[in-house]
$ cat protein08.txt   # compact mmCIF, C-alpha atoms
# COMPACT_ATOMS: atom_id res chain seq x y z
CA MET K 1 7.31 13.10 -6.08
CA THR K 2 6.05 9.56 -6.61
CA THR K 3 3.45 7.24 -5.17
CA ASP K 4 4.08 3.93 -3.48
CA SER K 5 6.00 1.02 -4.98
CA THR K 6 6.61 -2.50 -3.68
CA GLU K 7 9.98 -1.41 -2.30
CA THR K 8 8.41 1.58 -0.56
CA VAL K 9 5.72 -0.60 1.00
CA ALA K 10 8.41 -2.90 2.40
CA ALA K 11 10.19 0.10 3.87
CA GLN K 12 6.93 1.25 5.41
CA VAL K 13 6.46 -2.10 7.12
CA ASP K 14 10.03 -2.10 8.46
CA ARG K 15 9.90 1.36 9.98
CA MET K 16 9.16 1.87 13.65
CA VAL K 17 5.44 2.49 14.10
CA SER K 18 5.96 4.78 17.09
CA VAL K 19 8.04 7.18 14.98
CA ASP K 20 5.25 7.47 12.40
CA ALA K 21 2.71 7.89 15.20
CA LEU K 22 4.70 10.66 16.87
CA ARG K 23 5.28 12.37 13.53
CA GLY K 24 1.53 12.22 12.94
CA PHE K 25 0.83 13.57 16.42
CA ASP K 26 3.15 16.47 15.67
CA MET K 27 1.63 17.16 12.24
CA PHE K 28 -1.86 16.95 13.78
CA TRP K 29 -1.12 20.21 15.60
CA ILE K 30 0.53 21.80 12.57
CA ILE K 31 -2.56 21.32 10.41
CA GLY K 32 -5.14 22.15 13.09
CA ALA K 33 -3.69 24.15 15.97
CA GLU K 34 -4.58 27.62 14.71
CA GLY K 35 -8.30 26.91 14.42
CA LEU K 36 -8.37 25.08 17.73
CA VAL K 37 -6.68 28.04 19.44
CA GLU K 38 -9.29 30.42 18.08
CA GLY K 39 -12.13 28.11 19.04
CA LEU K 40 -10.81 27.44 22.54
CA ASN K 41 -10.25 31.14 23.14
CA LYS K 42 -13.89 31.89 22.37
CA ILE K 43 -15.29 29.27 24.72
CA SER K 44 -12.67 29.42 27.48
CA GLY K 45 -14.32 32.15 29.57
CA ASP K 46 -13.18 31.60 33.14
CA ASN K 47 -12.33 27.92 32.62
CA VAL K 48 -8.75 27.58 33.85
CA ILE K 49 -8.06 24.37 31.91
CA LEU K 50 -9.32 25.71 28.58
CA LYS K 51 -7.42 28.95 29.07
CA PHE K 52 -4.26 26.98 29.76
CA LEU K 53 -4.76 24.85 26.62
CA ALA K 54 -5.44 27.94 24.51
CA THR K 55 -2.26 29.57 25.84
CA GLN K 56 -0.16 26.47 25.16
CA LEU K 57 -1.42 26.37 21.56
CA ARG K 58 -0.08 29.86 20.91
CA HIS K 59 3.55 30.78 20.20
CA VAL K 60 5.26 32.96 22.78
CA ALA K 61 5.94 36.43 21.41
CA TRP K 62 9.71 36.16 21.92
CA GLU K 63 11.22 34.59 25.03
CA GLY K 64 9.72 31.54 26.72
CA PHE K 65 8.29 28.17 25.78
CA HIS K 66 4.77 26.88 25.04
CA PHE K 67 3.67 23.56 23.58
CA GLU K 68 3.18 25.31 20.23
CA ASP K 69 6.91 26.13 20.24
CA LEU K 70 7.74 22.42 20.44
CA ILE K 71 5.92 21.43 17.25
CA PHE K 72 8.53 22.53 14.70
CA PRO K 73 11.69 21.38 16.55
CA LEU K 74 9.99 18.04 17.26
CA PHE K 75 9.62 17.57 13.51
CA VAL K 76 13.31 18.42 12.99
CA PHE K 77 14.15 15.93 15.75
CA LEU K 78 12.11 13.23 14.00
CA VAL K 79 13.91 13.97 10.74
CA GLY K 80 17.08 13.00 12.57
CA VAL K 81 15.51 9.77 13.87
CA SER K 82 14.41 8.85 10.33
CA ILE K 83 17.89 9.50 8.93
CA VAL K 84 19.29 6.66 11.02
CA PHE K 85 16.74 4.13 9.77
CA SER K 86 16.84 5.19 6.11
CA MET K 87 20.49 6.04 5.51
CA GLY K 88 21.81 2.74 6.83
CA ARG K 89 19.79 0.79 4.25
CA ILE K 90 20.70 3.16 1.42
CA VAL K 91 24.45 3.11 2.13
CA GLU K 92 24.40 -0.68 2.42
CA ARG K 93 22.41 -1.11 -0.80
CA GLU K 94 23.82 1.67 -3.02
CA GLY K 95 27.10 2.78 -1.45
CA LYS K 96 28.09 6.03 0.22
CA VAL K 97 28.52 8.06 -2.98
CA ASN K 98 24.99 7.33 -4.19
CA ALA K 99 23.68 7.96 -0.69
CA HIS K 100 25.17 11.46 -0.79
CA LYS K 101 23.56 12.07 -4.18
CA ARG K 102 20.18 11.00 -2.77
CA ILE K 103 20.61 13.30 0.22
CA VAL K 104 21.39 16.35 -1.92
CA ARG K 105 18.58 15.62 -4.38
CA ARG K 106 16.04 15.27 -1.60
CA GLY K 107 17.26 18.45 0.06
CA ILE K 108 16.86 20.39 -3.20
CA LYS K 109 13.33 19.04 -3.69
CA LEU K 110 12.32 20.02 -0.16
CA TYR K 111 13.75 23.50 -0.68
CA LEU K 112 11.87 23.96 -3.97
CA LEU K 113 8.68 22.80 -2.27
CA ASN K 114 9.30 25.48 0.35
CA LEU K 115 9.43 28.16 -2.39
CA PHE K 116 6.21 26.79 -3.87
CA TYR K 117 4.53 26.66 -0.44
CA TYR K 118 5.14 30.38 0.15
CA GLY K 119 3.82 31.49 -3.22
CA GLY K 120 6.46 30.39 -5.72
CA PHE K 121 8.29 32.64 -8.16
CA ALA K 122 5.04 34.33 -9.22
CA ARG K 123 5.34 36.48 -6.10
CA TYR K 124 8.79 37.79 -6.99
CA TYR K 125 7.70 41.41 -6.77
CA ASP K 126 4.59 41.36 -4.57
CA PRO K 127 4.97 40.56 -1.74
CA GLY K 128 8.29 38.95 -2.67
CA ILE K 129 9.72 35.43 -2.55
CA ARG K 130 10.33 33.97 0.87
CA PHE K 131 13.60 32.11 0.41
CA VAL K 132 13.49 30.59 3.89
CA GLY K 133 10.77 28.79 5.80
CA VAL K 134 9.77 25.54 7.48
CA LEU K 135 10.62 23.17 4.63
CA GLN K 136 13.84 25.06 3.92
CA ARG K 137 14.96 24.51 7.50
CA LEU K 138 13.94 20.86 7.32
CA ALA K 139 15.86 20.52 4.04
CA LEU K 140 19.05 22.02 5.46
CA SER K 141 18.79 20.02 8.69
CA TYR K 142 18.22 16.84 6.71
CA VAL K 143 21.09 17.39 4.26
CA VAL K 144 23.68 18.38 6.87
CA GLY K 145 22.48 15.84 9.44
CA ALA K 146 22.44 12.97 6.93
CA ILE K 147 25.90 13.81 5.55
CA LEU K 148 27.31 14.02 9.07
CA TYR K 149 25.69 10.69 9.98
CA CYS K 150 27.16 9.00 6.88
CA ASN K 151 30.68 10.27 7.54
CA LEU K 152 31.16 10.53 11.32
CA ARG K 153 31.12 8.05 14.15
CA LEU K 154 29.17 8.70 17.34
CA ARG K 155 32.05 10.57 18.96
CA GLY K 156 32.37 12.92 15.99
CA LEU K 157 28.63 13.58 15.99
CA ILE K 158 28.69 14.41 19.71
CA ILE K 159 31.62 16.80 19.26
CA THR K 160 29.83 18.48 16.34
CA PHE K 161 26.69 18.88 18.46
CA PHE K 162 28.52 20.65 21.28
CA VAL K 163 30.56 22.80 18.89
CA ILE K 164 27.33 24.06 17.31
CA LEU K 165 25.64 24.84 20.65
CA ILE K 166 28.66 26.50 22.25
CA GLY K 167 29.71 28.29 19.07
CA TYR K 168 26.22 29.74 18.53
CA TRP K 169 26.05 30.85 22.17
CA ALA K 170 29.46 32.53 21.89
CA ALA K 171 28.56 34.28 18.63
CA LEU K 172 25.33 35.79 19.99
CA THR K 173 26.80 36.57 23.41
CA PHE K 174 30.02 38.29 22.37
CA ILE K 175 29.17 39.83 18.98
CA HIS K 176 26.91 42.82 19.59
CA VAL K 177 25.22 44.30 16.52
CA GLN K 178 21.93 46.08 16.01
CA VAL K 179 19.43 46.31 13.17
CA PRO K 180 18.93 50.02 12.35
CA GLY K 181 15.75 51.38 13.88
CA HIS K 182 15.58 48.76 16.63
CA ALA K 183 17.36 50.45 19.51
CA VAL K 184 17.14 48.61 22.84
CA ASP K 185 17.81 49.99 26.30
CA PRO K 186 21.01 48.25 27.50
CA SER K 187 19.47 47.93 30.96
CA THR K 188 16.65 45.78 29.57
CA PRO K 189 16.90 42.14 30.77
CA TYR K 190 18.59 40.03 28.10
CA ALA K 191 19.05 43.14 25.93
CA ALA K 192 21.78 41.38 23.91
CA PHE K 193 19.15 38.93 22.64
CA ALA K 194 16.24 41.33 22.16
CA PRO K 195 14.46 41.58 18.77
CA GLY K 196 16.68 43.41 16.30
CA ASN K 197 19.52 43.59 18.80
CA ASN K 198 21.30 40.34 18.05
CA LEU K 199 23.59 38.82 15.45
CA THR K 200 20.97 36.46 14.01
CA ASN K 201 18.50 39.23 13.17
CA TYR K 202 21.30 41.46 11.90
CA ILE K 203 22.58 38.86 9.42
CA ASP K 204 19.05 38.43 8.04
CA TYR K 205 18.72 42.20 7.74
CA ARG K 206 22.01 42.54 5.88
CA PHE K 207 22.15 39.41 3.73
CA LEU K 208 18.79 37.60 3.49
CA PRO K 209 17.11 38.41 0.13
CA GLY K 210 13.40 38.38 -0.58
CA ARG K 211 10.53 38.62 1.86
CA ARG K 212 11.29 38.25 5.55
CA TRP K 213 8.50 36.99 7.77
CA ASP K 214 9.11 39.51 10.56
CA GLY K 215 9.97 42.52 8.41
CA ASP K 216 13.71 43.03 8.84
CA TRP K 217 14.45 39.41 9.77
CA ASP K 218 12.94 35.94 9.62
CA PRO K 219 12.26 33.34 12.37
CA GLU K 220 13.62 30.69 9.98
CA GLY K 221 16.54 32.89 8.95
CA MET K 222 20.11 32.21 7.94
CA LEU K 223 22.23 31.95 11.09
CA SER K 224 19.57 30.24 13.22
CA ALA K 225 19.54 27.36 10.71
CA ILE K 226 22.86 26.21 12.20
CA PRO K 227 21.54 25.31 15.70
CA ALA K 228 18.58 23.63 13.98
CA VAL K 229 21.13 21.09 12.73
CA ALA K 230 21.88 20.38 16.40
CA SER K 231 18.18 19.58 16.91
CA CYS K 232 18.45 17.12 14.03
CA LEU K 233 21.57 15.58 15.60
CA LEU K 234 19.62 14.95 18.82
CA GLY K 235 17.16 12.98 16.71
CA ILE K 236 20.04 11.06 15.16
CA PHE K 237 21.28 10.14 18.64
CA ALA K 238 17.78 8.93 19.54
CA GLY K 239 17.55 6.96 16.30
CA MET K 240 20.90 5.27 16.95
CA LEU K 241 19.64 4.31 20.39
CA LEU K 242 16.41 2.85 19.03
CA LYS K 243 18.25 0.97 16.28
CA SER K 244 20.75 -0.62 18.68
CA LYS K 245 20.29 -4.38 19.10
CA GLU K 246 22.43 -4.49 22.22
CA ILE K 247 20.09 -2.40 24.39
CA THR K 248 16.79 -3.81 25.63
CA PRO K 249 13.56 -1.95 24.75
CA HIS K 250 12.84 -1.04 28.39
CA ARG K 251 16.34 0.38 28.80
CA LYS K 252 15.89 2.39 25.61
CA VAL K 253 12.75 3.91 27.11
CA ALA K 254 14.62 4.73 30.31
CA TYR K 255 17.46 6.38 28.36
CA LEU K 256 15.06 8.48 26.30
CA LEU K 257 13.03 9.63 29.30
CA GLY K 258 16.08 10.20 31.51
CA SER K 259 18.15 12.06 28.92
CA GLY K 260 15.08 14.07 27.93
CA ALA K 261 14.50 15.20 31.51
CA VAL K 262 18.18 16.15 31.87
CA MET K 263 18.11 18.19 28.65
CA VAL K 264 14.96 20.04 29.71
CA LEU K 265 16.62 20.93 33.01
CA LEU K 266 19.87 22.01 31.33
CA GLY K 267 17.96 24.09 28.79
CA TYR K 268 15.99 25.78 31.57
CA LEU K 269 19.16 26.57 33.55
CA TRP K 270 21.08 27.79 30.49
CA GLY K 271 18.08 29.99 29.73
CA PHE K 272 18.97 32.24 32.65
CA GLN K 273 22.00 33.43 30.64
CA PHE K 274 21.07 32.47 27.05
CA PRO K 275 17.28 32.79 26.99
CA ILE K 276 14.97 30.23 25.41
CA ILE K 277 13.91 31.94 22.17
CA LYS K 278 12.44 29.91 19.32
CA LYS K 279 12.78 32.73 16.78
CA LEU K 280 16.53 32.70 17.37
CA TRP K 281 16.66 28.90 17.91
CA THR K 282 18.99 29.52 20.85
CA SER K 283 21.13 26.72 22.27
CA SER K 284 18.97 26.62 25.41
CA PHE K 285 15.93 26.24 23.14
CA VAL K 286 17.64 23.32 21.35
CA LEU K 287 18.10 21.53 24.68
CA MET K 288 14.62 22.33 25.98
CA ALA K 289 12.83 21.27 22.78
CA GLY K 290 15.13 18.29 22.29
CA GLY K 291 14.46 17.13 25.84
CA TYR K 292 10.71 17.24 25.43
CA SER K 293 11.06 15.54 22.02
CA ALA K 294 13.06 12.68 23.57
CA ILE K 295 10.46 12.29 26.33
CA LEU K 296 7.61 12.14 23.81
CA LEU K 297 9.51 9.64 21.67
CA GLY K 298 10.20 7.49 24.74
CA LEU K 299 6.50 7.50 25.69
CA PHE K 300 5.30 6.74 22.17
CA TYR K 301 7.93 4.02 21.72
CA TYR K 302 6.98 2.39 25.02
CA VAL K 303 3.22 2.45 24.45
CA VAL K 304 3.14 1.71 20.71
CA ASP K 305 6.16 -0.52 20.04
CA VAL K 306 6.99 -2.08 23.42
CA LEU K 307 3.50 -2.60 24.86
CA GLY K 308 1.92 -2.96 21.42
CA TYR K 309 -1.01 -0.56 22.00
CA LYS K 310 -1.39 0.82 18.48
CA LYS K 311 -5.11 1.24 17.81
CA TRP K 312 -5.43 4.54 19.70
CA ALA K 313 -2.64 5.97 17.54
CA THR K 314 -4.16 4.93 14.21
CA PRO K 315 -5.11 8.48 13.07
CA PHE K 316 -1.61 9.68 13.95
CA ILE K 317 -0.11 6.81 11.94
CA TRP K 318 -2.23 7.84 8.94
CA ILE K 319 -0.94 11.40 9.20
CA GLY K 320 2.66 10.45 9.96
CA SER K 321 2.89 8.15 6.95
CA ASN K 322 2.06 11.06 4.63
CA ALA K 323 3.17 14.03 6.73
CA LEU K 324 4.62 16.08 3.88
CA THR K 325 1.58 15.38 1.70
CA VAL K 326 -0.95 16.65 4.23
CA TYR K 327 1.27 19.64 5.01
CA MET K 328 1.25 20.68 1.35
CA ALA K 329 -2.44 19.76 0.97
CA CYS K 330 -3.39 22.18 3.72
CA ASN K 331 -1.60 24.89 1.75
CA LEU K 332 -3.34 24.04 -1.54
CA ILE K 333 -6.80 22.96 -0.33
CA ASP K 334 -8.90 25.34 1.75
CA PHE K 335 -10.26 22.85 4.30
CA ASP K 336 -11.64 25.77 6.34
CA ASP K 337 -13.76 26.88 3.40
CA ILE K 338 -15.05 23.34 2.85
CA ALA K 339 -15.90 23.07 6.56
CA SER K 340 -17.77 26.38 6.46
CA ARG K 341 -19.90 25.06 3.59
CA LEU K 342 -20.77 22.01 5.68
CA VAL K 343 -21.33 23.45 9.16
CA GLY K 344 -21.05 27.21 8.71
CA GLY K 345 -23.79 29.79 8.37
CA PRO K 346 -26.86 29.15 10.52
CA ILE K 347 -25.37 26.00 12.10
CA GLN K 348 -22.30 27.91 13.26
CA ALA K 349 -24.42 30.86 14.45
CA ARG K 350 -26.79 28.61 16.41
CA LEU K 351 -23.88 27.11 18.33
CA GLY K 352 -22.66 30.53 19.44
CA ALA K 353 -19.14 30.48 20.86
CA TYR K 354 -18.82 26.78 20.00
CA GLY K 355 -19.43 27.43 16.30
CA ASP K 356 -15.82 28.33 15.47
CA LEU K 357 -14.55 25.32 17.40
CA LEU K 358 -16.87 23.07 15.36
CA LEU K 359 -15.51 24.58 12.12
CA ALA K 360 -11.94 23.90 13.27
CA VAL K 361 -12.76 20.30 14.21
CA VAL K 362 -14.48 19.63 10.87
CA ALA K 363 -11.62 21.19 8.87
CA LEU K 364 -9.10 19.12 10.80
CA SER K 365 -11.21 15.98 10.29
CA LEU K 366 -11.21 16.56 6.53
CA ALA K 367 -7.41 16.77 6.50
CA VAL K 368 -7.09 13.63 8.62
CA GLY K 369 -9.64 11.91 6.38
CA LEU K 370 -7.40 12.57 3.38
CA THR K 371 -4.47 10.82 5.10
CA ARG K 372 -6.73 7.88 5.99
CA TRP K 373 -7.78 7.54 2.35
CA LEU K 374 -4.15 7.58 1.21
CA TYR K 375 -3.02 5.13 3.89
CA ASN K 376 -5.78 2.60 3.19
CA ARG K 377 -4.81 2.61 -0.49
CA ARG K 378 -1.12 2.20 0.38
CA ILE K 379 -0.26 5.53 -1.24
CA PHE K 380 2.79 7.11 0.39
CA ILE K 381 3.92 10.21 -1.50
CA LYS K 382 7.64 10.91 -1.15
CA VAL K 383 10.16 13.38 -2.52
$ encode --input "protein08.txt" --output "structure tokens"
Amino acid sequence: MTTDSTETVAAQVDRMVSVDALRGFDMFWIIGAEGLVEGLNKISGDNVILKFLATQLRHVAWEGFHFEDLIFPLFVFLVGVSIVFSMGRIVEREGKVNAHKRIVRRGIKLYLLNLFYYGGFARYYDPGIRFVGVLQRLALSYVVGAILYCNLRLRGLIITFFVILIGYWAALTFIHVQVPGHAVDPSTPYAAFAPGNNLTNYIDYRFLPGRRWDGDWDPEGMLSAIPAVASCLLGIFAGMLLKSKEITPHRKVAYLLGSGAVMVLLGYLWGFQFPIIKKLWTSSFVLMAGGYSAILLGLFYYVVDVLGYKKWATPFIWIGSNALTVYMACNLIDFDDIASRLVGGPIQARLGAYGDLLLAVVALSLAVGLTRWLYNRRIFIKV
């Protein structure tokens, strides 16, 4: 992991500002959503709007879709967008062989960071190493997505995308297995995809070593990593669209918004047979999350890059330029504890139900302040 160099600064200037801004917007919720949810819940009362926001900032238990469920797949989508802008330069400058070496090295680094994030090897026995997780899924999506992008044309990428979605649907629909101790009434709606009653959970139960987040299986488990690659491919398609010099900016916006709306609709309709479940990363979830991701990218691209309105997005640009850094910093630095030392105790108590919300806002502001400090000093930490 290194700090900025002259070459890195040049790359930072060349990259599309809207992509950094959207990445920062996404990471903003990753580093602050939990505290905001708790704070909003305490002050919501009978306020319909606050209750709605609090609900949207909470993951669904199993089936369904909230805004919180978009945050992770949006990041995977943006990894795909970034692949298009970075890999083209690397292949042109260093050749395809060296590009593949870079891809694998970066994937390994991200995976090792994931092990460190969840406690490292020191937790081998108690509570156990978590071999999968957010960065692991990003690493796999990046490695597979980047290799596919370097070796396939658009047609091959599209075929791969549909093979993944249809193949995953077929596997979960027609292969019926059950994790011991998780019997499900066959008459239950969508019983074939219920917790512990599906192929994805079963493979984790049988073959995934170490600690599993949900006991017998993991939401970032082994089989569900495959459709996550499809989410990355959707980002690659969006990146290829944005990079095209033959399509006007306004038409790019129209394509992103239009295709996004179509994917959301298709995901919703497919969900009647193959339910939208983030913890299984179902094919309908890929389409739903990918559709919303394309819509958000279209909006950010239009406002930030086409219209040129960038000042409002400045904090998001700070975060997006050092997204991995602030993600790891929030794991290593207890911003909540620092916030409680600043506005906790009697200040928090005096504010009543608003005290927890203030703590969350201050903790989030500290994290954002770190990214501002790094950005102003042109420090961009990469792996």
$ atom_distance --input "protein08.txt" --atom1 "atom CA of K:Ala146" --atom2 "atom CA of K:Ile83"
6.1 Å
$ atom_distance --input "protein08.txt" --atom1 "atom CA of K:Leu233" --atom2 "atom CA of K:Ile166"
14.6 Å
$ atom_distance --input "protein08.txt" --atom1 "atom CA of K:Leu366" --atom2 "atom CA of K:Asn331"
13.6 Å
$ closest_residue --input "protein08.txt" --among "K:Ala339, K:Ala61, K:Ala329, K:Leu110" --to "K:Pro219" --atoms "all atoms listed in the file"
K:Ala61
$ closest_residue --input "protein08.txt" --among "K:Tyr202, K:Arg130, K:Met87, K:Phe207" --to "K:Arg102" --atoms "only C-alpha atoms"
K:Met87
$ residues_around --input "protein08.txt" --residues "K:Pro209" --least-positions-apart "3" --cutoff "12 Å" --atoms "only C-alpha atoms" --output "list in words"
Tyr124, Gly128, Ile129, Arg130, Phe131, Val132, Ile203, Asp204, Tyr205, Arg206, Arg212, Trp213, Gly215, Asp216, Trp217, Asp218, Gly221 and Met222 of chain K
$ closest_residue --input "protein08.txt" --among "K:Leu172, K:Ile108, K:Ala294, K:Val37" --to "K:Ala194" --atoms "all atoms listed in the file"
K:Leu172
$ residues_around --input "protein08.txt" --residues "stretch 39-55 of chain K" --least-positions-apart "6" --cutoff "7 Å" --atoms "only C-alpha atoms" --output "VMD selection string"
chain K and resid 353 to 354 356 to 357
$ residues_near_point --input "protein08.txt" --point "(13.4, 18.8, 27.1)" --cutoff "10 Å" --atoms "only C-alpha atoms" --output "number ranges by chain"
K: 70, 257, 259-268, 284-296
$ residues_around --input "protein08.txt" --residues "stretch 150-152 of chain K" --least-positions-apart "4" --cutoff "9 Å" --atoms "all atoms listed in the file" --output "number ranges by chain"
K: 87-88, 91, 96, 99-100, 145-146, 156-157
$ residues_around --input "protein08.txt" --residues "K:Met16" --least-positions-apart "3" --cutoff "12 Å" --atoms "only C-alpha atoms" --output "tab-separated table (two decimals) with C-alpha atoms, keeping the file's coordinate frame"
chain	number	residue	atom	x	y	z
K	11	ALA	CA	10.19	0.10	3.87
K	12	GLN	CA	6.93	1.25	5.41
K	13	VAL	CA	6.46	-2.10	7.12
K	19	VAL	CA	8.04	7.18	14.98
K	20	ASP	CA	5.25	7.47	12.40
K	21	ALA	CA	2.71	7.89	15.20
K	22	LEU	CA	4.70	10.66	16.87
K	23	ARG	CA	5.28	12.37	13.53
K	78	LEU	CA	12.11	13.23	14.00
K	81	VAL	CA	15.51	9.77	13.87
K	82	SER	CA	14.41	8.85	10.33
K	84	VAL	CA	19.29	6.66	11.02
K	85	PHE	CA	16.74	4.13	9.77
K	86	SER	CA	16.84	5.19	6.11
K	239	GLY	CA	17.55	6.96	16.30
K	242	LEU	CA	16.41	2.85	19.03
K	243	LYS	CA	18.25	0.97	16.28
K	297	LEU	CA	9.51	9.64	21.67
K	300	PHE	CA	5.30	6.74	22.17
K	301	TYR	CA	7.93	4.02	21.72
K	302	TYR	CA	6.98	2.39	25.02
K	304	VAL	CA	3.14	1.71	20.71
K	305	ASP	CA	6.16	-0.52	20.04
K	306	VAL	CA	6.99	-2.08	23.42
K	308	GLY	CA	1.92	-2.96	21.42
K	310	LYS	CA	-1.39	0.82	18.48
K	317	ILE	CA	-0.11	6.81	11.94
K	320	GLY	CA	2.66	10.45	9.96
K	321	SER	CA	2.89	8.15	6.95
$ closest_residue --input "protein08.txt" --among "K:Leu208, K:Tyr190, K:Arg377, K:Leu370" --to "K:Gly271" --atoms "all atoms listed in the file"
K:Tyr190
$ residues_around --input "protein08.txt" --residues "K:Val229" --least-positions-apart "6" --cutoff "8 Å" --atoms "all atoms listed in the file" --output "ChimeraX atom specification"
/K:140-142,144-145
$ closest_residue --input "protein08.txt" --among "K:Leu269, K:Ile103, K:Ala363, K:Val76" --to "K:Val134" --atoms "only C-alpha atoms"
K:Val76
$ closest_residue --input "protein08.txt" --among "K:Gly120, K:Gly235, K:Gly35, K:Gly167" --to "K:Val79" --atoms "only C-alpha atoms"
K:Gly235
